[in-house]
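Scroll down for the structure; my scribbles are underneath it.
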2 protein chains.
Amino acid sequence: MDSPAKTTNAPLRRETLHHSAVAELRAMILEGELPPGRRVPEMELCEQLGVSRTPLREALRVLAAEGLVELRPHRGAVVTPIDPKEIAAIFQVMEALESLAGRLACDNGSAEAFAELDRLHGELVAQFQAGERAAYSTTNRRIHGWIVAMAGNPVLEATYKGFAAQLNRARSLANYDADRWQHSLTEHEAVMDALRRRDAATAAALLADHSRRTADAVLRTLRQGNEAGAVSGEDGRSVSDHPAGIGVRQ
Amino acid sequence: MDSPAKTTNAPLRRETLHHSAVAELRAMILEGELPPGRRVPEMELCEQLGVSRTPLREALRVLAAEGLVELRPHRGAVVTPIDPKEIAAIFQVMEALESLAGRLACDNGSAEAFAELDRLHGELVAQFQAGERAAYSTTNRRIHGWIVAMAGNPVLEATYKGFAAQLNRARSLANYDADRWQHSLTEHEAVMDALRRRDAATAAALLADHSRRTADAVLRTLRQGNEAGAVSGEDGRSVSDHPAGIGVRQ
DNA sequence: CCGTGCCAGATTGTATACAAAATCTCTATT
DNA sequence: AATAGAGATTTTGTATACAATCTGGCACGG
C-alpha cells in the first residue's frame, strides 16, 4: 500500500543529521508547532533538535527551496506566512495537477489500486455519516494523494505533495462549513463514478471542478477568519506582534 | 520587459556567498559546463568558485532540492543524470502547466504583454526563415516563458521555470530534426492565432498539443542518440567512464 | 587464477571559532 | 518628552578543524 504504479528508486540515503533535521523541521511546520510567520532563530532549534548549526542551516536552505520557510539575509529565517494570494495561486496550479492526475490514473491505475481507492472512498462516506470531521479530512487527503500516486508519474507526485503541504497548512487555519462539507462529498461521489468507468476526460474535469470549489471555500473562510480576527487578537496591532505570529498576510 | 502581470515581491536578499554560489552552480549546470552525471567534489568547486565549503554545501543542498544535483550521503554530489523516463514525466506535467498558462494568459495578459508576445513571435518567424537554429531555440524558450509570465501566477511561473531548466538540459543533448522544426513553427502560428483572439480554451488545448509533440520529438531523439551512442563513446564501457560523463540513464 | 579481507588515502559530515551585519538599548541633545 | 545617534549585544555568514565514512589497492588464502 505504498505506491500503486512505480516509485522513484530511492537514492538509499542513510540518515544524516541535516537530512533528519529537514524531516523534523518539516513536520514541525506542517503540524503547526511552528506557526506561519514565526521567527526561527538558529540557536533555538539547534538545542531543540540537538544538532549543530551547520546541519541545521543546511536543512533551512532545503526548506526554503521547498517554500516552507523564508530566508532573509542577516535577519534570520521565518516560517513562510500564509498569503491568501499565494494560496490562491497554488490552488490554480493544483487544479491543473489534480486534473492531470485523474486522467493519468484512469490510464495507468492498476486494478488493485482502484480497489484500494474504492475502499478509501467507502471510509470517507462512513466518516461523513459519522460526522467525524478530522478523520474525514485525513481520508480526503489520502484519497487525493492516492489518485496522484495512481497516475504513475513521480514528478507529478512530488510536485503535488509539495503544494499539498502548503495548502494543508492554510487549511489548518480555515475550517470550512458544513454546507461545503456536504457538497465536497457529492463531488467525490461524482469523481469516483467517472474513475470507476475509467472515463479520463470526465474524471479530469470533475477533479478540476472539485479543486476549484475547494479553493473557493478555503479562500473564503481564510479571508473571513482574517478580517474577523478570529484567530489573531482583536487589537489593531501588526499580526507580527502576536506571540506565535499568526502570519496571514493582508 | 520583466514581468507583464505581477512579480513576486523579492525577499530583498542581498548577495551572500551561498546565494551567489547557487546562481553560479546553476548556470554552470544549465550551460552544460557541468554535464549530467558528472561528479561534483566539494573541494574542486570551492577553489573554482573561491568560496569555502560551508556556503558551497548549502548551495548544493538548494540545487538538490531543485533537482539539478543528487546527493549521495558520504559519496558526494552528482549532476542529476538525464533520465528519459524522468524527462517524459516532466513533459507530462509541463503539458498541464503550459495549458494552464495559455488559459490564464488570455484572461490576465495586458495589451502591452500581448504586443510584446507578437513581437517575439515575429522574431521567431524571421529566425526560422533565416535558418538560425540557435536563435530560434532561444526565442522559442522566451515565448513560452513569456506566456507563462502573462498568466500572472507566480507559483505557476516558478514551477514552470524549474521544469523548463531540466528540459533544456535534456534538449541540449537532443537536437530535433528539420521536419519537427517546421511543424513546431506551424503549431506556434496556431497558438498565436488563438491567443490573439483571447480564446482561452483553444489556446490551452493547442499549447498542450504543442507541448506533447515537442516531448515526443525530444524523447525520440534522446533515445535515438542514446542507443546509437551518438554522444558517448562507441566502446561498450559504462557511460560513467566517459571523461565528462554523458549521464543518460538507460 | 580469482575471491575475500584489511589497510591507506581521500572525501564527506559535523562541530566549533571567528567575522560581519543587524537589532537593541541607553544616553544626550533639541 | 521625543528623537537621533553611538555603542553593546545578539544573530547570522563564513572559515577551518576534527570525526566518520567510503573508495581503491594490496596481500593472503582458496
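If you're wondering about the labels, chains in the C-alpha cells are A, B, ... by order shown, residues count from 1 in each chain, ligands from 1 in order shown.
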Please report as a short mmCIF file (atom, residue, chain, number, x, y, z; two decimals) with all heavy atoms, in the first residue's frame which residues of chain B come no farther than 9 Å from chain D, using only C-alpha atoms (C1' of nucleotides).
data_model
loop_
_atom_site.label_atom_id
_atom_site.label_comp_id
_atom_site.auth_asym_id
_atom_site.auth_seq_id
_atom_site.Cartn_x
_atom_site.Cartn_y
_atom_site.Cartn_z
N THR B 16 24.65 36.89 -0.64
CA THR B 16 25.51 36.19 0.30
C THR B 16 26.25 35.13 -0.52
O THR B 16 25.84 34.79 -1.63
CB THR B 16 24.71 35.53 1.44
OG1 THR B 16 24.25 34.28 0.98
CG2 THR B 16 23.56 36.40 1.85
N LEU B 17 27.32 34.63 0.04
CA LEU B 17 28.15 33.71 -0.74
C LEU B 17 27.39 32.48 -1.20
O LEU B 17 27.49 32.07 -2.34
CB LEU B 17 29.38 33.30 0.07
CG LEU B 17 30.51 34.32 0.07
CD1 LEU B 17 31.74 33.75 0.71
CD2 LEU B 17 30.81 34.78 -1.34
N VAL B 51 35.14 30.01 -2.78
CA VAL B 51 34.44 30.08 -1.51
C VAL B 51 34.82 28.88 -0.66
O VAL B 51 35.46 27.95 -1.13
CB VAL B 51 32.90 30.09 -1.71
CG1 VAL B 51 32.48 31.28 -2.54
CG2 VAL B 51 32.45 28.79 -2.35
N SER B 52 34.42 28.92 0.58
CA SER B 52 34.71 27.83 1.50
C SER B 52 33.66 26.73 1.33
O SER B 52 32.69 26.86 0.60
CB SER B 52 34.71 28.35 2.92
OG SER B 52 34.74 27.29 3.83
N ARG B 53 33.88 25.65 2.03
CA ARG B 53 32.98 24.52 1.87
C ARG B 53 31.58 24.82 2.42
O ARG B 53 30.59 24.34 1.87
CB ARG B 53 33.55 23.28 2.58
CG ARG B 53 34.60 22.55 1.77
CD ARG B 53 35.06 21.31 2.48
NE ARG B 53 33.98 20.35 2.67
CZ ARG B 53 33.89 19.50 3.66
NH1 ARG B 53 34.84 19.47 4.57
NH2 ARG B 53 32.90 18.67 3.74
N THR B 54 31.51 25.57 3.49
CA THR B 54 30.21 25.80 4.12
C THR B 54 29.18 26.39 3.16
O THR B 54 28.13 25.79 2.95
CB THR B 54 30.37 26.68 5.36
OG1 THR B 54 31.34 26.10 6.22
CG2 THR B 54 29.07 26.82 6.09
N PRO B 55 29.44 27.55 2.56
CA PRO B 55 28.43 28.09 1.63
C PRO B 55 28.23 27.19 0.41
O PRO B 55 27.12 27.08 -0.10
CB PRO B 55 28.99 29.46 1.23
CG PRO B 55 30.44 29.40 1.56
CD PRO B 55 30.59 28.46 2.70
N HIS B 74 27.76 10.65 2.04
CA HIS B 74 29.14 10.17 2.18
C HIS B 74 29.76 9.80 0.84
O HIS B 74 30.86 9.24 0.81
CB HIS B 74 29.21 8.95 3.11
CG HIS B 74 28.78 9.25 4.50
ND1 HIS B 74 29.55 9.96 5.37
CD2 HIS B 74 27.63 8.98 5.16
CE1 HIS B 74 28.91 10.09 6.52
NE2 HIS B 74 27.74 9.50 6.40
N ARG B 75 29.05 10.07 -0.23
CA ARG B 75 29.59 9.69 -1.53
C ARG B 75 29.61 10.86 -2.51
O ARG B 75 29.92 10.68 -3.67
CB ARG B 75 28.78 8.53 -2.12
CG ARG B 75 28.91 7.26 -1.29
CD ARG B 75 28.04 6.16 -1.87
NE ARG B 75 28.33 5.90 -3.26
CZ ARG B 75 27.57 5.16 -4.06
NH1 ARG B 75 26.47 4.63 -3.60
NH2 ARG B 75 27.90 4.97 -5.31
#
Open item on the list: Show me, as a ChimeraX atom specification, the residues that have an atom within 12 Å of Met28 of chain A when counting only C-alpha atoms (C1' of nucleotides), minus same-chain residues fewer than 2 positions from it.
Closed with: /A:21-26,30-36,38,40,45,48-49,63,68-69,79,169
Those residues with N, CA, C and O atoms, as a PDB file, in the first residue's frame please?
ATOM      1  N   ALA A  21      17.124  16.502  10.174  1.00  0.00           N
ATOM      2  CA  ALA A  21      16.696  17.829  10.615  1.00  0.00           C
ATOM      3  C   ALA A  21      15.638  18.376   9.663  1.00  0.00           C
ATOM      4  O   ALA A  21      14.654  18.979  10.102  1.00  0.00           O
ATOM      5  N   VAL A  22      15.834  18.170   8.377  1.00  0.00           N
ATOM      6  CA  VAL A  22      14.826  18.591   7.400  1.00  0.00           C
ATOM      7  C   VAL A  22      13.501  17.935   7.734  1.00  0.00           C
ATOM      8  O   VAL A  22      12.457  18.588   7.803  1.00  0.00           O
ATOM      9  N   ALA A  23      13.541  16.625   7.966  1.00  0.00           N
ATOM     10  CA  ALA A  23      12.305  15.890   8.235  1.00  0.00           C
ATOM     11  C   ALA A  23      11.619  16.426   9.484  1.00  0.00           C
ATOM     12  O   ALA A  23      10.413  16.680   9.483  1.00  0.00           O
ATOM     13  N   GLU A  24      12.412  16.617  10.549  1.00  0.00           N
ATOM     14  CA  GLU A  24      11.801  17.080  11.792  1.00  0.00           C
ATOM     15  C   GLU A  24      11.217  18.484  11.650  1.00  0.00           C
ATOM     16  O   GLU A  24      10.099  18.760  12.088  1.00  0.00           O
ATOM     17  N   LEU A  25      12.005  19.363  11.036  1.00  0.00           N
ATOM     18  CA  LEU A  25      11.520  20.731  10.876  1.00  0.00           C
ATOM     19  C   LEU A  25      10.270  20.778  10.009  1.00  0.00           C
ATOM     20  O   LEU A  25       9.303  21.471  10.335  1.00  0.00           O
ATOM     21  N   ARG A  26      10.295  20.012   8.935  1.00  0.00           N
ATOM     22  CA  ARG A  26       9.133  20.000   8.045  1.00  0.00           C
ATOM     23  C   ARG A  26       7.897  19.551   8.807  1.00  0.00           C
ATOM     24  O   ARG A  26       6.827  20.151   8.697  1.00  0.00           O
ATOM     25  N   LEU A  30       4.514  21.645   9.436  1.00  0.00           N
ATOM     26  CA  LEU A  30       3.238  21.172   8.905  1.00  0.00           C
ATOM     27  C   LEU A  30       2.258  20.852  10.031  1.00  0.00           C
ATOM     28  O   LEU A  30       1.048  20.980   9.858  1.00  0.00           O
ATOM     29  N   GLU A  31       2.791  20.423  11.177  1.00  0.00           N
ATOM     30  CA  GLU A  31       1.906  20.137  12.308  1.00  0.00           C
ATOM     31  C   GLU A  31       1.423  21.415  12.975  1.00  0.00           C
ATOM     32  O   GLU A  31       0.561  21.376  13.847  1.00  0.00           O
ATOM     33  N   GLY A  32       2.025  22.526  12.596  1.00  0.00           N
ATOM     34  CA  GLY A  32       1.611  23.777  13.200  1.00  0.00           C
ATOM     35  C   GLY A  32       2.372  24.128  14.463  1.00  0.00           C
ATOM     36  O   GLY A  32       2.103  25.149  15.095  1.00  0.00           O
ATOM     37  N   GLU A  33       3.316  23.267  14.826  1.00  0.00           N
ATOM     38  CA  GLU A  33       4.115  23.553  16.021  1.00  0.00           C
ATOM     39  C   GLU A  33       4.926  24.834  15.824  1.00  0.00           C
ATOM     40  O   GLU A  33       5.144  25.598  16.765  1.00  0.00           O
ATOM     41  N   LEU A  34       5.350  25.029  14.606  1.00  0.00           N
ATOM     42  CA  LEU A  34       5.979  26.294  14.227  1.00  0.00           C
ATOM     43  C   LEU A  34       4.993  27.020  13.311  1.00  0.00           C
ATOM     44  O   LEU A  34       4.928  26.721  12.122  1.00  0.00           O
ATOM     45  N   PRO A  35       4.220  27.934  13.878  1.00  0.00           N
ATOM     46  CA  PRO A  35       3.150  28.558  13.083  1.00  0.00           C
ATOM     47  C   PRO A  35       3.704  29.511  12.034  1.00  0.00           C
ATOM     48  O   PRO A  35       4.835  29.995  12.159  1.00  0.00           O
ATOM     49  N   PRO A  36       2.917  29.763  10.992  1.00  0.00           N
ATOM     50  CA  PRO A  36       3.323  30.703   9.947  1.00  0.00           C
ATOM     51  C   PRO A  36       3.696  32.056  10.533  1.00  0.00           C
ATOM     52  O   PRO A  36       3.021  32.552  11.436  1.00  0.00           O
ATOM     53  N   ARG A  38       6.270  32.713  12.234  1.00  0.00           N
ATOM     54  CA  ARG A  38       7.151  32.566  13.384  1.00  0.00           C
ATOM     55  C   ARG A  38       8.613  32.698  12.984  1.00  0.00           C
ATOM     56  O   ARG A  38       9.055  32.094  12.014  1.00  0.00           O
ATOM     57  N   VAL A  40      12.520  31.937  13.287  1.00  0.00           N
ATOM     58  CA  VAL A  40      13.190  30.663  13.562  1.00  0.00           C
ATOM     59  C   VAL A  40      14.664  30.930  13.828  1.00  0.00           C
ATOM     60  O   VAL A  40      15.488  30.800  12.932  1.00  0.00           O
ATOM     61  N   LEU A  45      16.655  26.316  17.635  1.00  0.00           N
ATOM     62  CA  LEU A  45      16.371  24.999  17.067  1.00  0.00           C
ATOM     63  C   LEU A  45      17.531  24.040  17.264  1.00  0.00           C
ATOM     64  O   LEU A  45      17.332  22.840  17.387  1.00  0.00           O
ATOM     65  N   GLN A  48      17.055  22.509  20.477  1.00  0.00           N
ATOM     66  CA  GLN A  48      15.804  21.765  20.475  1.00  0.00           C
ATOM     67  C   GLN A  48      15.958  20.449  19.713  1.00  0.00           C
ATOM     68  O   GLN A  48      15.417  19.416  20.117  1.00  0.00           O
ATOM     69  N   LEU A  49      16.707  20.489  18.610  1.00  0.00           N
ATOM     70  CA  LEU A  49      16.898  19.271  17.824  1.00  0.00           C
ATOM     71  C   LEU A  49      18.181  18.546  18.215  1.00  0.00           C
ATOM     72  O   LEU A  49      18.419  17.428  17.766  1.00  0.00           O
ATOM     73  N   LEU A  63      14.428  23.642   3.203  1.00  0.00           N
ATOM     74  CA  LEU A  63      13.038  24.019   3.444  1.00  0.00           C
ATOM     75  C   LEU A  63      12.700  25.321   2.733  1.00  0.00           C
ATOM     76  O   LEU A  63      11.563  25.522   2.298  1.00  0.00           O
ATOM     77  N   LEU A  68       8.755  26.413   2.490  1.00  0.00           N
ATOM     78  CA  LEU A  68       8.168  26.350   3.832  1.00  0.00           C
ATOM     79  C   LEU A  68       8.733  27.418   4.754  1.00  0.00           C
ATOM     80  O   LEU A  68       8.096  27.791   5.729  1.00  0.00           O
ATOM     81  N   VAL A  69       9.929  27.885   4.480  1.00  0.00           N
ATOM     82  CA  VAL A  69      10.489  28.995   5.260  1.00  0.00           C
ATOM     83  C   VAL A  69      11.047  30.028   4.291  1.00  0.00           C
ATOM     84  O   VAL A  69      11.324  29.731   3.134  1.00  0.00           O
ATOM     85  N   VAL A  79       9.071  31.115   9.267  1.00  0.00           N
ATOM     86  CA  VAL A  79       8.143  30.172   8.658  1.00  0.00           C
ATOM     87  C   VAL A  79       7.264  30.952   7.686  1.00  0.00           C
ATOM     88  O   VAL A  79       6.667  31.954   8.064  1.00  0.00           O
ATOM     89  N   ARG A 169      -1.376  23.468   5.343  1.00  0.00           N
ATOM     90  CA  ARG A 169      -1.016  24.463   6.343  1.00  0.00           C
ATOM     91  C   ARG A 169      -2.074  25.562   6.381  1.00  0.00           C
ATOM     92  O   ARG A 169      -2.489  26.022   7.446  1.00  0.00           O
TER      93      ARG A 169
END
TODO: Any chance you could list, as a PyMOL selection string, the residues in segment 108-153 of chain B that come up alpha helix (DSSP H) when DSSP is run on the backbone?
DONE: chain B and resi 108+111-129+133-150
I need the residues from that last selection saved to file as a PDB file, in the first residue's frame (with C-alpha atoms), if you can.
ATOM      1  CA  ASN B 108      -4.934  38.177 -17.416  1.00  0.00           C
ATOM      2  CA  ALA B 111      -2.397  44.652 -24.001  1.00  0.00           C
ATOM      3  CA  GLU B 112       1.281  45.541 -23.749  1.00  0.00           C
ATOM      4  CA  ALA B 113       2.127  41.951 -22.867  1.00  0.00           C
ATOM      5  CA  PHE B 114       0.273  40.709 -25.919  1.00  0.00           C
ATOM      6  CA  ALA B 115       2.081  43.256 -28.063  1.00  0.00           C
ATOM      7  CA  GLU B 116       5.423  42.012 -26.779  1.00  0.00           C
ATOM      8  CA  LEU B 117       4.308  38.469 -27.466  1.00  0.00           C
ATOM      9  CA  ASP B 118       3.512  39.443 -31.017  1.00  0.00           C
ATOM     10  CA  ARG B 119       6.922  40.987 -31.379  1.00  0.00           C
ATOM     11  CA  LEU B 120       8.610  37.842 -30.078  1.00  0.00           C
ATOM     12  CA  HIS B 121       6.617  35.693 -32.431  1.00  0.00           C
ATOM     13  CA  GLY B 122       7.695  37.878 -35.331  1.00  0.00           C
ATOM     14  CA  GLU B 123      11.273  37.358 -34.269  1.00  0.00           C
ATOM     15  CA  LEU B 124      10.688  33.622 -34.189  1.00  0.00           C
ATOM     16  CA  VAL B 125       9.335  33.568 -37.722  1.00  0.00           C
ATOM     17  CA  ALA B 126      12.231  35.642 -39.002  1.00  0.00           C
ATOM     18  CA  GLN B 127      14.747  33.352 -37.341  1.00  0.00           C
ATOM     19  CA  PHE B 128      13.070  30.308 -38.815  1.00  0.00           C
ATOM     20  CA  GLN B 129      13.212  31.776 -42.302  1.00  0.00           C
ATOM     21  CA  ARG B 133      18.517  27.341 -35.210  1.00  0.00           C
ATOM     22  CA  ALA B 134      20.149  28.550 -32.028  1.00  0.00           C
ATOM     23  CA  ALA B 135      18.419  31.906 -32.108  1.00  0.00           C
ATOM     24  CA  TYR B 136      15.125  30.197 -32.856  1.00  0.00           C
ATOM     25  CA  SER B 137      15.503  27.967 -29.833  1.00  0.00           C
ATOM     26  CA  THR B 138      16.246  30.914 -27.597  1.00  0.00           C
ATOM     27  CA  THR B 139      13.274  32.907 -28.849  1.00  0.00           C
ATOM     28  CA  ASN B 140      11.110  29.828 -28.569  1.00  0.00           C
ATOM     29  CA  ARG B 141      12.001  29.489 -24.907  1.00  0.00           C
ATOM     30  CA  ARG B 142      11.411  33.182 -24.341  1.00  0.00           C
ATOM     31  CA  ILE B 143       7.969  32.987 -25.911  1.00  0.00           C
ATOM     32  CA  HIS B 144       6.887  30.107 -23.730  1.00  0.00           C
ATOM     33  CA  GLY B 145       8.314  31.811 -20.684  1.00  0.00           C
ATOM     34  CA  TRP B 146       6.530  34.993 -21.618  1.00  0.00           C
ATOM     35  CA  ILE B 147       3.173  33.264 -21.942  1.00  0.00           C
ATOM     36  CA  VAL B 148       3.691  31.755 -18.514  1.00  0.00           C
ATOM     37  CA  ALA B 149       4.591  35.163 -17.124  1.00  0.00           C
ATOM     38  CA  MET B 150       1.488  36.645 -18.710  1.00  0.00           C
TER      39      MET B 150
END
- [ ] Apply DSSP to the backbone of this structure and, from segment 2-243 of chain A, keep only the residues in strand (DSSP E or B); write these as a ChimeraX atom specification.
- [x] /A:39-40,69-72,76-79,82
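Near chain B, the residues of chain C that fall inside 8 Å (using only C-alpha atoms (C1' of nucleotides)) are DT11, DT12 and DG13 of chain C.
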Expected file contents, prior selection, N, CA and C atoms (P, O5', C5', C4', C3', O3' and C1' of nucleotides), as an mmCIF file, in the first residue's frame:
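Dumped everything to again35.cif:
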data_model
loop_
_atom_site.group_PDB
_atom_site.id
_atom_site.type_symbol
_atom_site.label_atom_id
_atom_site.label_comp_id
_atom_site.auth_asym_id
_atom_site.auth_seq_id
_atom_site.Cartn_x
_atom_site.Cartn_y
_atom_site.Cartn_z
ATOM 1 P P DT C 11 39.712 13.472 -3.069
ATOM 2 O "O5'" DT C 11 38.255 13.436 -2.407
ATOM 3 C "C5'" DT C 11 37.430 12.286 -2.580
ATOM 4 C "C4'" DT C 11 36.250 12.370 -1.627
ATOM 5 C "C3'" DT C 11 35.684 13.788 -1.420
ATOM 6 O "O3'" DT C 11 34.288 13.787 -1.643
ATOM 7 C "C1'" DT C 11 36.076 12.737 0.653
ATOM 8 P P DT C 12 33.440 15.173 -1.605
ATOM 9 O "O5'" DT C 12 32.435 14.863 -0.399
ATOM 10 C "C5'" DT C 12 31.714 13.631 -0.396
ATOM 11 C "C4'" DT C 12 31.282 13.286 1.017
ATOM 12 C "C3'" DT C 12 30.328 14.304 1.658
ATOM 13 O "O3'" DT C 12 29.228 13.617 2.227
ATOM 14 C "C1'" DT C 12 32.143 13.889 3.091
ATOM 15 P P DG C 13 28.015 14.453 2.869
ATOM 16 O "O5'" DG C 13 28.343 14.399 4.428
ATOM 17 C "C5'" DG C 13 27.988 13.229 5.163
ATOM 18 C "C4'" DG C 13 28.106 13.498 6.659
ATOM 19 C "C3'" DG C 13 27.263 14.669 7.168
ATOM 20 O "O3'" DG C 13 26.644 14.299 8.394
ATOM 21 C "C1'" DG C 13 29.534 15.061 7.673
#
Task: Polymer residues at most 10 Å from Glu86 of chain B, only C-alpha atoms (C1' of nucleotides), same-chain spacing of 5 or more positions, as number ranges by chain - done: A: 8, 153-155; B: 81, 91-92, 166-167, 249
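Excluding Ser184 of chain A itself and any same-chain residue fewer than 5 positions from it, the protein and nucleic acid residues within 9 Å of it, counting only C-alpha atoms (C1' of nucleotides), are Asp179, Glu189, His210, Arg213 and Thr214 of chain A.
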Can you pull out every residue within 7 Å of Ser99 of chain A, counting only C-alpha atoms (C1' of nucleotides), but drop anything in the same chain fewer than 6 positions away, and send it as a PDB file with C-alpha atoms, in the first residue's frame?
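Final output, result.pdb:
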ATOM      1  CA  ALA A 204     -10.136  15.172 -15.098  1.00  0.00           C
ATOM      2  CA  ALA A 205     -12.874  17.749 -15.490  1.00  0.00           C
ATOM      3  CA  LEU A 207     -11.379  16.812 -10.271  1.00  0.00           C
ATOM      4  CA  ALA A 208     -10.557  20.261 -11.600  1.00  0.00           C
TER       5      ALA A 208
END
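Closest to chain B among A:Gly102, A:Pro84, A:Gly152, A:Gly131 is A:Gly152, based on only C-alpha atoms.
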Chain A near chain B within 8 Å: what's each residue's closest atom pair and its distance in Å to one decimal, counting only C-alpha atoms, ordered by chain then ascending residue number, as CSV?
residue,atom,partner,partner_atom,distance
A:Pro11,CA,B:Arg72,CA,6.8
A:Leu12,CA,B:Arg72,CA,7.8
A:Arg13,CA,B:Pro73,CA,5.8
A:Arg14,CA,B:Pro73,CA,6.7
A:Thr16,CA,B:Pro73,CA,7.3
A:Thr54,CA,B:Thr54,CA,7.8
A:Arg57,CA,B:Glu58,CA,7.6
A:Glu58,CA,B:Glu58,CA,5.3
A:Arg61,CA,B:Val62,CA,6.1
A:Val62,CA,B:Val62,CA,5.5
A:Ala65,CA,B:Val62,CA,6.1
A:Glu66,CA,B:Ala65,CA,7.2
A:Glu70,CA,B:Pro11,CA,8.0
A:Leu71,CA,B:Pro11,CA,7.9
A:Arg72,CA,B:Arg13,CA,6.1
A:Pro73,CA,B:Arg13,CA,5.7
A:Glu86,CA,B:Val155,CA,7.3
A:Ala89,CA,B:Asn153,CA,5.7
A:Ile90,CA,B:Val155,CA,6.1
A:Val93,CA,B:Leu156,CA,6.2
A:Ala96,CA,B:Ala96,CA,6.0
A:Leu97,CA,B:Ala96,CA,7.0
A:Leu100,CA,B:Ala96,CA,6.7
A:Asn153,CA,B:Ala89,CA,5.7
A:Pro154,CA,B:Ala89,CA,7.1
A:Val155,CA,B:Ala89,CA,6.0
A:Leu156,CA,B:Val93,CA,6.2
